[in-house]
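Take a look at the structure set out below.
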Amino acid sequence: MAGEPQADCLFCKIVAGTVPATVVRETETTVAFRDINPQAPTHVLVIPRVHYPDAASLAAADPNVTADVLREAGEIAAQEKVDDHGYRIVFNTGAGAGQTVFHAHAHVLGGRGLQWPPG
């Protein structure tokens, strides 16, 4: 059921503490940890503690937690000292967009030039 932990979800296991991650920040509603395959010097994932498969379903079901994820993305950028130079927040939605873990999450990327359009 949406919102409930999923036994086969990697990010639910990170939230539960059964899979290790390099956690950089936690709140009541979110967990932020370093990406294992970083695409920039700063590459942190911010995930909600509740399970929804993507950002759109999270936003529809729980706008407050969606706002928490975005707020934490900004806090991570400040903590990582990339907020002054610019950073990117990315939500990949669906396999065709590069989503590989189907638990809503935001990528916080910074510390290098981020060209447009992304590719």
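Just remember, in the structure tokens the first chain shown is A, the second B, etc., residues are 1-based per chain, and ligands are 1-based in the order shown.
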Backbone DSSP call of helix (DSSP H, G or I) for chain A, listed as JSON, numbers by chain: {"A": [10, 11, 12, 13, 14, 15, 16, 55, 56, 57, 58, 59, 60, 61, 63, 64, 65, 66, 67, 68, 69, 70, 71, 72, 73, 74, 75, 76, 77, 78, 79, 95, 96, 97]}
Find the residues near Leu58 of chain A: any atom within 12 Å, counting only C-alpha atoms, skip ones fewer than 3 places away on the same chain, and give them as a PDB file with N, CA, C and O atoms, in the first residue's frame.
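Wrote it out as result02.pdb, contents follow:
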ATOM      1  N   ALA A   2       0.509   2.234  -0.772  1.00  0.00           N
ATOM      2  CA  ALA A   2       1.275   3.476  -0.858  1.00  0.00           C
ATOM      3  C   ALA A   2       1.385   4.115   0.521  1.00  0.00           C
ATOM      4  O   ALA A   2       0.444   4.089   1.306  1.00  0.00           O
ATOM      5  N   GLY A   3       2.526   4.674   0.786  1.00  0.00           N
ATOM      6  CA  GLY A   3       2.778   5.305   2.078  1.00  0.00           C
ATOM      7  C   GLY A   3       3.379   4.361   3.092  1.00  0.00           C
ATOM      8  O   GLY A   3       4.038   4.786   4.029  1.00  0.00           O
ATOM      9  N   GLU A   4       3.181   3.065   2.905  1.00  0.00           N
ATOM     10  CA  GLU A   4       3.694   2.055   3.824  1.00  0.00           C
ATOM     11  C   GLU A   4       5.038   1.540   3.330  1.00  0.00           C
ATOM     12  O   GLU A   4       5.272   1.452   2.124  1.00  0.00           O
ATOM     13  N   ILE A  47      15.102  11.623   0.591  1.00  0.00           N
ATOM     14  CA  ILE A  47      13.942  10.750   0.426  1.00  0.00           C
ATOM     15  C   ILE A  47      12.956  10.970   1.561  1.00  0.00           C
ATOM     16  O   ILE A  47      13.350  11.287   2.681  1.00  0.00           O
ATOM     17  N   PRO A  48      11.672  10.793   1.271  1.00  0.00           N
ATOM     18  CA  PRO A  48      10.694  10.808   2.354  1.00  0.00           C
ATOM     19  C   PRO A  48      10.762   9.482   3.104  1.00  0.00           C
ATOM     20  O   PRO A  48      11.105   8.440   2.524  1.00  0.00           O
ATOM     21  N   ARG A  49      10.450   9.487   4.359  1.00  0.00           N
ATOM     22  CA  ARG A  49      10.403   8.241   5.132  1.00  0.00           C
ATOM     23  C   ARG A  49       9.229   7.368   4.685  1.00  0.00           C
ATOM     24  O   ARG A  49       9.287   6.153   4.827  1.00  0.00           O
ATOM     25  N   VAL A  50       8.195   7.984   4.151  1.00  0.00           N
ATOM     26  CA  VAL A  50       7.044   7.226   3.638  1.00  0.00           C
ATOM     27  C   VAL A  50       7.335   6.788   2.209  1.00  0.00           C
ATOM     28  O   VAL A  50       8.074   7.454   1.489  1.00  0.00           O
ATOM     29  N   HIS A  51       6.751   5.666   1.812  1.00  0.00           N
ATOM     30  CA  HIS A  51       7.007   5.129   0.474  1.00  0.00           C
ATOM     31  C   HIS A  51       5.914   5.545  -0.508  1.00  0.00           C
ATOM     32  O   HIS A  51       4.737   5.233  -0.315  1.00  0.00           O
ATOM     33  N   TYR A  52       6.341   6.245  -1.541  1.00  0.00           N
ATOM     34  CA  TYR A  52       5.531   6.504  -2.733  1.00  0.00           C
ATOM     35  C   TYR A  52       6.472   6.272  -3.901  1.00  0.00           C
ATOM     36  O   TYR A  52       7.660   6.583  -3.818  1.00  0.00           O
ATOM     37  N   PRO A  53       5.990   5.749  -5.004  1.00  0.00           N
ATOM     38  CA  PRO A  53       6.888   5.342  -6.084  1.00  0.00           C
ATOM     39  C   PRO A  53       7.579   6.480  -6.817  1.00  0.00           C
ATOM     40  O   PRO A  53       8.638   6.272  -7.410  1.00  0.00           O
ATOM     41  N   ASP A  54       7.020   7.684  -6.766  1.00  0.00           N
ATOM     42  CA  ASP A  54       7.636   8.798  -7.484  1.00  0.00           C
ATOM     43  C   ASP A  54       7.156  10.117  -6.899  1.00  0.00           C
ATOM     44  O   ASP A  54       6.270  10.142  -6.037  1.00  0.00           O
ATOM     45  N   ALA A  55       7.760  11.205  -7.368  1.00  0.00           N
ATOM     46  CA  ALA A  55       7.458  12.525  -6.818  1.00  0.00           C
ATOM     47  C   ALA A  55       6.000  12.925  -7.027  1.00  0.00           C
ATOM     48  O   ALA A  55       5.387  13.530  -6.148  1.00  0.00           O
ATOM     49  N   ALA A  61      -0.448  12.643  -2.711  1.00  0.00           N
ATOM     50  CA  ALA A  61      -0.892  12.029  -1.456  1.00  0.00           C
ATOM     51  C   ALA A  61      -0.502  12.835  -0.227  1.00  0.00           C
ATOM     52  O   ALA A  61      -1.240  12.844   0.762  1.00  0.00           O
ATOM     53  N   ASP A  62       0.650  13.490  -0.260  1.00  0.00           N
ATOM     54  CA  ASP A  62       1.157  14.150   0.941  1.00  0.00           C
ATOM     55  C   ASP A  62       1.966  15.400   0.591  1.00  0.00           C
ATOM     56  O   ASP A  62       3.199  15.391   0.620  1.00  0.00           O
ATOM     57  N   PRO A  63       1.272  16.497   0.261  1.00  0.00           N
ATOM     58  CA  PRO A  63       1.979  17.727  -0.116  1.00  0.00           C
ATOM     59  C   PRO A  63       2.916  18.255   0.963  1.00  0.00           C
ATOM     60  O   PRO A  63       3.950  18.850   0.648  1.00  0.00           O
ATOM     61  N   ASN A  64       2.597  18.026   2.232  1.00  0.00           N
ATOM     62  CA  ASN A  64       3.465  18.519   3.304  1.00  0.00           C
ATOM     63  C   ASN A  64       4.812  17.811   3.299  1.00  0.00           C
ATOM     64  O   ASN A  64       5.855  18.443   3.481  1.00  0.00           O
ATOM     65  N   VAL A  65       4.816  16.497   3.087  1.00  0.00           N
ATOM     66  CA  VAL A  65       6.080  15.760   3.037  1.00  0.00           C
ATOM     67  C   VAL A  65       6.844  16.141   1.769  1.00  0.00           C
ATOM     68  O   VAL A  65       8.068  16.244   1.792  1.00  0.00           O
ATOM     69  N   THR A  66       6.132  16.388   0.686  1.00  0.00           N
ATOM     70  CA  THR A  66       6.784  16.844  -0.541  1.00  0.00           C
ATOM     71  C   THR A  66       7.518  18.158  -0.273  1.00  0.00           C
ATOM     72  O   THR A  66       8.681  18.324  -0.677  1.00  0.00           O
ATOM     73  N   ALA A  67       6.881  19.058   0.422  1.00  0.00           N
ATOM     74  CA  ALA A  67       7.522  20.329   0.784  1.00  0.00           C
ATOM     75  C   ALA A  67       8.720  20.083   1.693  1.00  0.00           C
ATOM     76  O   ALA A  67       9.756  20.749   1.556  1.00  0.00           O
ATOM     77  N   ASP A  68       8.609  19.117   2.599  1.00  0.00           N
ATOM     78  CA  ASP A  68       9.742  18.783   3.472  1.00  0.00           C
ATOM     79  C   ASP A  68      10.945  18.308   2.655  1.00  0.00           C
ATOM     80  O   ASP A  68      12.085  18.675   2.951  1.00  0.00           O
ATOM     81  N   VAL A  69      10.704  17.483   1.634  1.00  0.00           N
ATOM     82  CA  VAL A  69      11.798  16.998   0.784  1.00  0.00           C
ATOM     83  C   VAL A  69      12.485  18.181   0.107  1.00  0.00           C
ATOM     84  O   VAL A  69      13.715  18.283   0.094  1.00  0.00           O
ATOM     85  N   PHE A  91      14.151  15.343  -9.816  1.00  0.00           N
ATOM     86  CA  PHE A  91      13.256  14.216  -9.542  1.00  0.00           C
ATOM     87  C   PHE A  91      13.111  13.440 -10.846  1.00  0.00           C
ATOM     88  O   PHE A  91      12.468  13.931 -11.779  1.00  0.00           O
ATOM     89  N   THR A  93      11.332  10.605 -12.859  1.00  0.00           N
ATOM     90  CA  THR A  93      10.053   9.915 -12.700  1.00  0.00           C
ATOM     91  C   THR A  93       9.872   8.936 -13.848  1.00  0.00           C
ATOM     92  O   THR A  93       9.693   9.347 -15.001  1.00  0.00           O
ATOM     93  N   PHE A 102      12.231   2.940  -7.220  1.00  0.00           N
ATOM     94  CA  PHE A 102      10.879   3.487  -7.307  1.00  0.00           C
ATOM     95  C   PHE A 102      10.329   3.813  -5.916  1.00  0.00           C
ATOM     96  O   PHE A 102       9.342   3.252  -5.457  1.00  0.00           O
ATOM     97  N   HIS A 103      11.028   4.751  -5.302  1.00  0.00           N
ATOM     98  CA  HIS A 103      10.675   5.386  -4.035  1.00  0.00           C
ATOM     99  C   HIS A 103      10.999   6.854  -4.295  1.00  0.00           C
ATOM    100  O   HIS A 103      12.133   7.167  -4.688  1.00  0.00           O
ATOM    101  N   ALA A 104      10.035   7.731  -4.139  1.00  0.00           N
ATOM    102  CA  ALA A 104      10.247   9.158  -4.446  1.00  0.00           C
ATOM    103  C   ALA A 104      11.549   9.643  -3.823  1.00  0.00           C
ATOM    104  O   ALA A 104      11.857   9.315  -2.672  1.00  0.00           O
ATOM    105  N   HIS A 105      12.318  10.396  -4.603  1.00  0.00           N
ATOM    106  CA  HIS A 105      13.556  10.953  -4.081  1.00  0.00           C
ATOM    107  C   HIS A 105      14.023  12.114  -4.950  1.00  0.00           C
ATOM    108  O   HIS A 105      13.773  12.148  -6.138  1.00  0.00           O
ATOM    109  N   ALA A 106      14.701  13.044  -4.292  1.00  0.00           N
ATOM    110  CA  ALA A 106      15.283  14.195  -4.969  1.00  0.00           C
ATOM    111  C   ALA A 106      16.794  14.048  -4.954  1.00  0.00           C
ATOM    112  O   ALA A 106      17.381  13.694  -3.935  1.00  0.00           O
TER     113      ALA A 106
END
Shell around Ile76 of chain A at 9 Å using only C-alpha atoms, local window under 6 positions removed, as a ChimeraX atom specification: /A:24-25,32,44,46,82-83,108
Counting only C-alpha atoms, the residue of A:Thr42, A:Thr27, A:Gln79, A:Asn37 that sits nearest Gly113 of chain A: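 Answer, going by the shortest atom-to-atom distance: A:Thr42.
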Nearest-residue call for Val23 of chain A, choices A:Asp35, A:Glu75, A:Asp84, A:Asp8, using only C-alpha atoms: A:Asp35
